[in-house]
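Listing of entry-v7.cif; format and content: mmCIF, C-alpha atoms.
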data_my_file
#
loop_
_atom_site.label_atom_id
_atom_site.label_comp_id
_atom_site.auth_asym_id
_atom_site.auth_seq_id
_atom_site.Cartn_x
_atom_site.Cartn_y
_atom_site.Cartn_z
CA MET L 12 -45.03 -35.25 30.71
CA LYS L 13 -44.48 -32.07 32.75
CA TYR L 14 -40.83 -33.09 33.11
CA ILE L 15 -40.44 -33.49 29.32
CA ILE L 16 -42.07 -30.11 28.68
CA LEU L 17 -39.73 -28.50 31.23
CA VAL L 18 -36.68 -30.04 29.60
CA ILE L 19 -37.78 -28.90 26.12
CA THR L 20 -38.44 -25.41 27.46
CA ILE L 21 -34.98 -25.23 29.03
CA ILE L 22 -33.34 -26.46 25.82
CA LEU L 23 -35.21 -23.88 23.73
CA LEU L 24 -34.22 -21.18 26.20
CA ILE L 25 -30.56 -22.17 26.01
CA VAL L 26 -30.66 -22.27 22.19
CA SER L 27 -32.25 -18.83 22.16
CA ILE L 28 -29.61 -17.38 24.47
CA VAL L 29 -26.74 -18.90 22.48
CA TYR L 30 -28.22 -17.56 19.24
CA LYS L 31 -28.54 -14.07 20.67
CA ILE L 32 -24.97 -14.11 21.99
CA ASN L 33 -23.56 -15.27 18.64
CA ASN L 34 -25.68 -12.82 16.70
CA LYS L 35 -24.59 -9.96 18.98
CA LYS L 36 -20.95 -10.93 18.54
CA GLU L 37 -21.30 -10.84 14.75
CA VAL L 38 -22.79 -7.37 14.97
CA GLU L 39 -20.14 -6.10 17.39
CA ASP L 40 -17.19 -7.74 15.62
CA PRO L 41 -17.82 -7.60 11.86
CA VAL L 42 -15.20 -9.16 9.64
CA VAL L 43 -12.89 -6.44 8.32
CA THR L 44 -11.06 -7.53 5.18
CA ASP L 45 -7.77 -6.09 3.97
CA ALA L 46 -9.67 -4.38 1.18
CA MET L 47 -12.04 -2.71 3.63
CA LYS L 48 -9.18 -1.68 5.93
CA PHE L 49 -7.29 -0.12 3.02
CA LYS L 50 -10.38 1.76 1.85
CA GLU L 51 -10.99 3.14 5.35
CA GLU L 52 -7.38 4.19 5.91
CA TYR L 53 -7.18 6.15 2.66
CA GLU L 54 -10.70 7.55 2.48
CA SER L 55 -10.72 8.65 6.14
CA LEU L 56 -8.27 11.41 5.20
CA ASN L 57 -10.39 12.85 2.39
CA GLY L 58 -10.55 16.62 2.69
CA LYS L 59 -8.54 16.75 5.91
CA GLU L 60 -5.50 18.98 6.37
CA ASN L 61 -1.99 17.79 7.16
CA SER L 62 0.44 19.54 9.53
CA PHE L 63 1.48 21.89 6.70
CA GLY L 64 -2.08 23.08 6.12
CA SER L 65 -2.52 21.26 2.81
CA LYS L 66 -5.63 19.20 2.17
CA TYR L 67 -5.20 15.54 1.35
CA PRO L 68 -6.44 14.67 -2.14
CA THR L 69 -9.80 12.91 -2.11
CA VAL L 70 -9.78 9.28 -3.17
CA GLU L 71 -12.62 6.83 -3.74
CA ILE L 72 -11.76 3.16 -3.38
CA ASP L 73 -13.95 0.14 -4.07
CA GLU L 74 -14.57 -2.04 -1.05
CA ASP L 75 -13.80 -5.05 -3.23
CA ASN L 76 -10.23 -4.13 -4.17
CA ALA L 77 -7.10 -6.24 -4.66
CA ILE L 78 -5.08 -5.02 -1.67
CA LYS L 79 -3.45 -7.58 0.63
CA TYR L 80 -1.48 -6.28 3.60
CA SER L 81 1.95 -7.85 3.50
CA ASN L 82 5.41 -7.76 5.08
CA ALA L 83 9.05 -7.88 4.01
CA LYS L 84 9.31 -11.65 4.30
CA GLU L 85 6.31 -12.34 2.06
CA VAL L 86 7.35 -9.69 -0.45
CA ALA L 87 10.87 -11.12 -0.59
CA GLU L 88 9.44 -14.55 -1.36
CA VAL L 89 7.37 -13.12 -4.21
CA VAL L 90 10.42 -11.37 -5.67
CA GLU L 91 12.68 -14.38 -5.29
CA LYS L 92 10.41 -17.07 -6.71
CA GLY L 93 6.86 -15.84 -7.13
CA THR L 94 4.59 -13.76 -9.33
CA GLY L 95 2.66 -10.68 -8.31
CA VAL L 96 2.26 -6.93 -7.98
CA ILE L 97 3.77 -5.12 -4.98
CA TYR L 98 2.78 -1.63 -3.87
CA LEU L 99 4.78 0.36 -1.31
CA GLY L 100 3.23 3.57 -0.03
CA TYR L 101 1.18 5.06 2.80
CA PRO L 102 -2.16 6.89 3.26
CA THR L 103 -0.82 10.36 4.09
CA CYS L 104 1.50 10.45 1.06
CA PRO L 105 -0.25 12.77 -1.47
CA TRP L 106 1.55 11.15 -4.42
CA CYS L 107 0.33 7.74 -3.23
CA ARG L 108 -3.23 9.01 -3.03
CA SER L 109 -2.98 10.08 -6.66
CA ALA L 110 -1.57 6.71 -7.71
CA VAL L 111 -3.88 4.31 -5.87
CA PRO L 112 -7.13 4.81 -7.86
CA ALA L 113 -5.37 4.20 -11.20
CA LEU L 114 -3.46 1.24 -9.76
CA LEU L 115 -6.59 -0.49 -8.44
CA HIS L 116 -8.52 0.31 -11.63
CA ALA L 117 -5.77 -1.22 -13.77
CA ALA L 118 -5.58 -4.31 -11.55
CA SER L 119 -9.33 -4.86 -11.76
CA ASP L 120 -9.39 -4.53 -15.55
CA ALA L 121 -6.35 -6.77 -16.00
CA GLY L 122 -7.75 -9.47 -13.71
CA ILE L 123 -5.09 -9.05 -11.02
CA ASP L 124 -6.80 -10.08 -7.78
CA THR L 125 -3.91 -9.49 -5.35
CA ILE L 126 -1.65 -6.49 -4.78
CA TYR L 127 0.85 -7.03 -1.97
CA TYR L 128 0.89 -3.83 0.07
CA ILE L 129 3.26 -2.55 2.73
CA ASP L 130 2.38 0.65 4.57
CA MET L 131 5.72 2.49 4.71
CA THR L 132 4.62 5.11 7.26
CA GLU L 133 6.99 4.08 10.05
CA HIS L 134 9.48 1.83 8.28
CA ARG L 135 12.13 4.08 6.73
CA ASP L 136 15.35 5.66 7.99
CA ARG L 137 15.25 9.41 8.43
CA TYR L 138 18.36 11.58 8.27
CA SER L 139 19.04 15.30 8.68
CA VAL L 140 22.06 17.59 8.54
CA ASN L 141 22.89 19.59 11.68
CA GLU L 142 24.28 23.12 11.95
CA ASN L 143 27.83 21.77 11.65
CA GLY L 144 27.06 20.05 8.38
CA GLU L 145 27.12 16.63 10.00
CA LEU L 146 24.76 13.87 8.97
CA VAL L 147 22.42 12.82 11.79
CA LEU L 148 20.30 9.68 11.91
CA GLU L 149 17.00 10.96 13.31
CA GLU L 150 15.19 7.63 13.09
CA GLU L 151 16.48 4.18 12.27
CA GLY L 152 14.59 2.05 9.80
CA THR L 153 12.92 -1.18 10.82
CA GLU L 154 14.36 -4.62 10.13
CA ASP L 155 11.63 -5.06 7.52
CA TYR L 156 12.81 -1.89 5.80
CA LYS L 157 16.42 -3.09 5.73
CA LYS L 158 15.22 -6.32 4.14
CA LEU L 159 13.25 -4.40 1.52
CA LEU L 160 16.32 -2.30 0.70
CA GLU L 161 18.18 -5.53 -0.04
CA VAL L 162 15.36 -7.01 -2.10
CA PHE L 163 14.90 -3.96 -4.34
CA ASP L 164 18.45 -2.56 -4.21
CA GLU L 165 19.18 -2.27 -7.93
CA HIS L 166 15.91 -0.43 -8.58
CA LEU L 167 16.25 2.20 -5.84
CA ASP L 168 17.61 5.74 -5.87
CA GLN L 169 20.31 7.08 -3.59
CA TYR L 170 19.11 8.84 -0.45
CA TYR L 171 20.10 12.50 -0.19
CA VAL L 172 19.12 15.09 2.40
CA LYS L 173 19.64 18.85 2.22
CA ASP L 174 21.68 21.01 4.56
CA LYS L 175 20.69 24.54 5.69
CA ASP L 176 22.00 25.99 2.42
CA GLY L 177 20.03 23.58 0.25
CA ASN L 178 23.04 21.46 -0.68
CA GLU L 179 22.41 17.73 -1.07
CA VAL L 180 24.27 15.40 1.27
CA ASP L 181 24.60 11.70 0.46
CA THR L 182 23.48 9.46 3.33
CA GLY L 183 25.45 6.55 1.96
CA GLU L 184 22.37 4.39 1.49
CA LYS L 185 19.47 4.01 -0.85
CA ARG L 186 15.85 4.87 -0.13
CA ILE L 187 12.46 3.50 -1.01
CA TYR L 188 10.66 6.56 -2.32
CA VAL L 189 6.91 6.14 -2.68
CA PRO L 190 4.59 5.43 -4.34
CA ILE L 191 6.49 2.64 -6.02
CA VAL L 192 4.95 -0.46 -7.60
CA PHE L 193 6.95 -3.54 -8.56
CA PHE L 194 5.76 -6.11 -11.09
CA VAL L 195 7.15 -9.62 -10.68
CA ARG L 196 6.85 -12.74 -12.80
CA GLU L 197 8.35 -16.08 -11.78
CA GLY L 198 10.98 -14.53 -9.54
CA GLU L 199 11.96 -11.73 -11.89
CA ILE L 200 11.09 -8.04 -11.57
CA VAL L 201 9.73 -7.37 -15.06
CA GLY L 202 9.06 -3.70 -14.38
CA TYR L 203 8.42 -1.04 -11.77
CA HIS L 204 6.97 2.44 -11.63
CA LEU L 205 7.90 5.23 -9.22
CA ASP L 206 5.71 8.28 -8.48
CA THR L 207 2.74 9.10 -10.74
CA VAL L 208 3.24 10.89 -14.09
CA GLU L 209 5.87 13.45 -15.03
CA SER L 210 3.33 16.20 -15.71
CA GLN L 211 2.00 16.11 -12.14
CA LYS L 212 3.88 18.81 -10.25
CA ASN L 213 1.53 19.35 -7.32
CA PRO L 214 0.72 16.14 -5.42
CA TYR L 215 -2.23 17.79 -3.68
CA GLN L 216 -3.96 18.41 -6.99
CA VAL L 217 -6.00 15.47 -8.29
CA LEU L 218 -4.87 13.99 -11.61
CA ASN L 219 -6.82 15.27 -14.58
CA ASP L 220 -8.38 12.79 -17.01
CA GLU L 221 -5.36 12.78 -19.32
CA GLN L 222 -2.90 12.22 -16.48
CA TYR L 223 -5.07 9.51 -14.96
CA ALA L 224 -5.29 7.69 -18.31
CA GLU L 225 -1.51 7.92 -18.73
CA LEU L 226 -0.87 6.40 -15.29
CA TYR L 227 -3.56 3.76 -15.79
CA ASN L 228 -1.93 2.72 -19.09
CA ILE L 229 1.51 2.49 -17.47
CA TYR L 230 0.19 0.20 -14.74
CA THR L 231 -1.87 -1.82 -17.21
CA GLY L 232 1.08 -2.47 -19.50
CA LEU L 233 3.24 -3.65 -16.61
CA MET L 234 0.48 -5.87 -15.23
CA HIS L 235 0.22 -7.62 -18.55
CA LYS L 236 3.94 -8.33 -18.28
CA VAL L 237 3.17 -10.09 -15.02
CA LEU L 238 0.37 -12.03 -16.70
CA ASN L 239 2.61 -12.68 -19.71
CA ASP L 240 -0.35 -12.29 -22.05
CA LEU L 241 1.01 -9.56 -24.31
CA CYS L 242 1.14 -10.37 -28.01
CA ASP L 243 4.31 -9.84 -30.00
CA GLU L 244 4.54 -9.55 -33.78
CA ARG L 245 3.98 -13.32 -34.17
CA CYS L 246 0.52 -13.38 -32.50
#
Starting from the coordinates I provided, produce the structure as structure tokens.
Amino acid sequence: MKYIILVITIILLIVSIVYKINNKKEVEDPVVTDAMKFKEEYESLNGKENSFGSKYPTVEIDEDNAIKYSNAKEVAEVVEKGTGVIYLGYPTCPWCRSAVPALLHAASDAGIDTIYYIDMTEHRDRYSVNENGELVLEEEGTEDYKKLLEVFDEHLDQYYVKDKDGNEVDTGEKRIYVPIVFFVREGEIVGYHLDTVESQKNPYQVLNDEQYAELYNIYTGLMHKVLNDLCDERC
């Protein structure tokens, strides 16, 4: 009998230890979703100053948002044969910070549960013009960026940089300016939107209600093209 009690005691002790270890691990390593990561990256800059002394616009993002961190390969597959919404931007871009709340709001209301997101912070080429007027490649774009340039080529603007006199010099390639959102249905880009709204001149100034509504409506209309649930005159 004493032997049985000892065995049971040891088993209970082991179970207790295993439980505590697992419970501690869950506390130390909580599951961080893409939505939570996105919220943290953008909201962590609220009120902070950039290297130019300008304060980042404050954004508030729901923890349960539609963001899915993606890459060039996945995005290319969506554009070639899939359906979805693709957002290219980055947290320190003031224009992006203005766009994101309206984008996520529109997605939620339209029933879009996934927005493929690529953080463009360190992806793009960067050129400058030296004192002799020569074009200099300061930083080469990633392979993912080159792939994205191919995927979205016909929808992108030419990349110009300015010399010391303010003259624009053509780099000979296109550029993915952000924020840009692409709307794809069955392998066809049915629409895209670059920047925010025309009336926003200062990216560090939060959109007013009218501007926000305008941007929200733009995104909403394009999302319904993705869903293909818009009525025409025969509805």
What are the closest atom pairs, with distances in Å to one decimal, for all residues of stretch 120-163 of chain L lying within 10 Å of stretch 172-195 of chain L? Consider all atoms listed in the file, order rows by chain and residue number, and present the result as a tab-separated table.
residue	atom	partner	partner_atom	distance
L:Ile126	CA	L:Val192	CA	9.4
L:Tyr127	CA	L:Val192	CA	9.6
L:Tyr128	CA	L:Val192	CA	9.3
L:Met131	CA	L:Val189	CA	8.3
L:His134	CA	L:Ile187	CA	9.9
L:Arg135	CA	L:Ile187	CA	7.8
L:Asp136	CA	L:Arg186	CA	8.2
L:Arg137	CA	L:Val172	CA	9.1
L:Tyr138	CA	L:Val172	CA	6.9
L:Ser139	CA	L:Val172	CA	6.3
L:Val140	CA	L:Asp174	CA	5.3
L:Asn141	CA	L:Asp174	CA	7.4
L:Glu142	CA	L:Lys175	CA	7.4
L:Asn143	CA	L:Asp174	CA	9.4
L:Gly144	CA	L:Asp174	CA	6.7
L:Glu145	CA	L:Asp174	CA	8.9
L:Leu146	CA	L:Thr182	CA	7.3
L:Val147	CA	L:Thr182	CA	9.2
L:Leu148	CA	L:Thr182	CA	9.2
L:Tyr156	CA	L:Ile187	CA	8.7
L:Lys157	CA	L:Arg186	CA	9.9
L:Leu159	CA	L:Ile187	CA	8.3
L:Leu160	CA	L:Ile187	CA	7.2
L:Glu161	CA	L:Lys185	CA	9.7
L:Phe163	CA	L:Ile187	CA	8.5
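For the structure shown here, the set of residues caught by the PyMOL selection byres ((chain L and resi 111-117) around 8) is Val70, Glu71, Ile72, Asn76, Ala77, Cys107, Arg108, Ser109, Ala110, Ala118, Ser119, Asp120, Ala121, Tyr223, Ala224, Leu226, Tyr227, Asn228, Tyr230, Thr231 and Met234 of chain L.
Comparing the minimum interatomic distances between L:Arg196 and each of L:Asp155, L:Leu167, L:Val89, L:Cys104, counting all atoms listed in the file, we find that L:Val89 sits nearest.
Note on the selection: in this file the PyMOL selection byres ((chain L and resi 50) around 8) comes out as Ala46, Met47, Lys48, Phe49, Glu51, Glu52, Tyr53, Glu54, Glu71, Ile72, Asp73 and Glu74 of chain L.
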Can you write out the residues you just picked, keeping C-alpha atoms, as a PDB file, in the frame of the given file?
ATOM      1  CA  ALA L  46      -9.670  -4.380   1.180  1.00  0.00           C
ATOM      2  CA  MET L  47     -12.040  -2.710   3.630  1.00  0.00           C
ATOM      3  CA  LYS L  48      -9.180  -1.680   5.930  1.00  0.00           C
ATOM      4  CA  PHE L  49      -7.290  -0.120   3.020  1.00  0.00           C
ATOM      5  CA  GLU L  51     -10.990   3.140   5.350  1.00  0.00           C
ATOM      6  CA  GLU L  52      -7.380   4.190   5.910  1.00  0.00           C
ATOM      7  CA  TYR L  53      -7.180   6.150   2.660  1.00  0.00           C
ATOM      8  CA  GLU L  54     -10.700   7.550   2.480  1.00  0.00           C
ATOM      9  CA  GLU L  71     -12.620   6.830  -3.740  1.00  0.00           C
ATOM     10  CA  ILE L  72     -11.760   3.160  -3.380  1.00  0.00           C
ATOM     11  CA  ASP L  73     -13.950   0.140  -4.070  1.00  0.00           C
ATOM     12  CA  GLU L  74     -14.570  -2.040  -1.050  1.00  0.00           C
TER      13      GLU L  74
END
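Compared by their closest atoms to L:Lys79, and using all atoms listed in the file, the residues L:Ile123, L:Leu218, L:Leu205, L:Leu56 rank with L:Ile123 nearest.
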Give the centre and edge lengths of an axis-aligned box, in Å to one decimal, that holds all listed atoms of stretch 60-70 of chain L with 5 Å on each side, as lines of an AutoDock Vina configuration file.
center_x = -4.2
center_y = 16.2
center_z = 3.2
size_x = 21.3
size_y = 23.8
size_z = 22.7
request  = Place a sphere of radius 9 Å on (2.1, -4.2, -0.3) in the file coordinates and name every protein, DNA or RNA residue with an atom inside or on its surface, counting all atoms listed in the file; give the answer as a PyMOL selection string.
outcome  = chain L and resi 78-83+86+96-100+126-130+192
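The space between atom CA of L:Pro102 and atom CA of L:Thr132 spans 8.1 Å.
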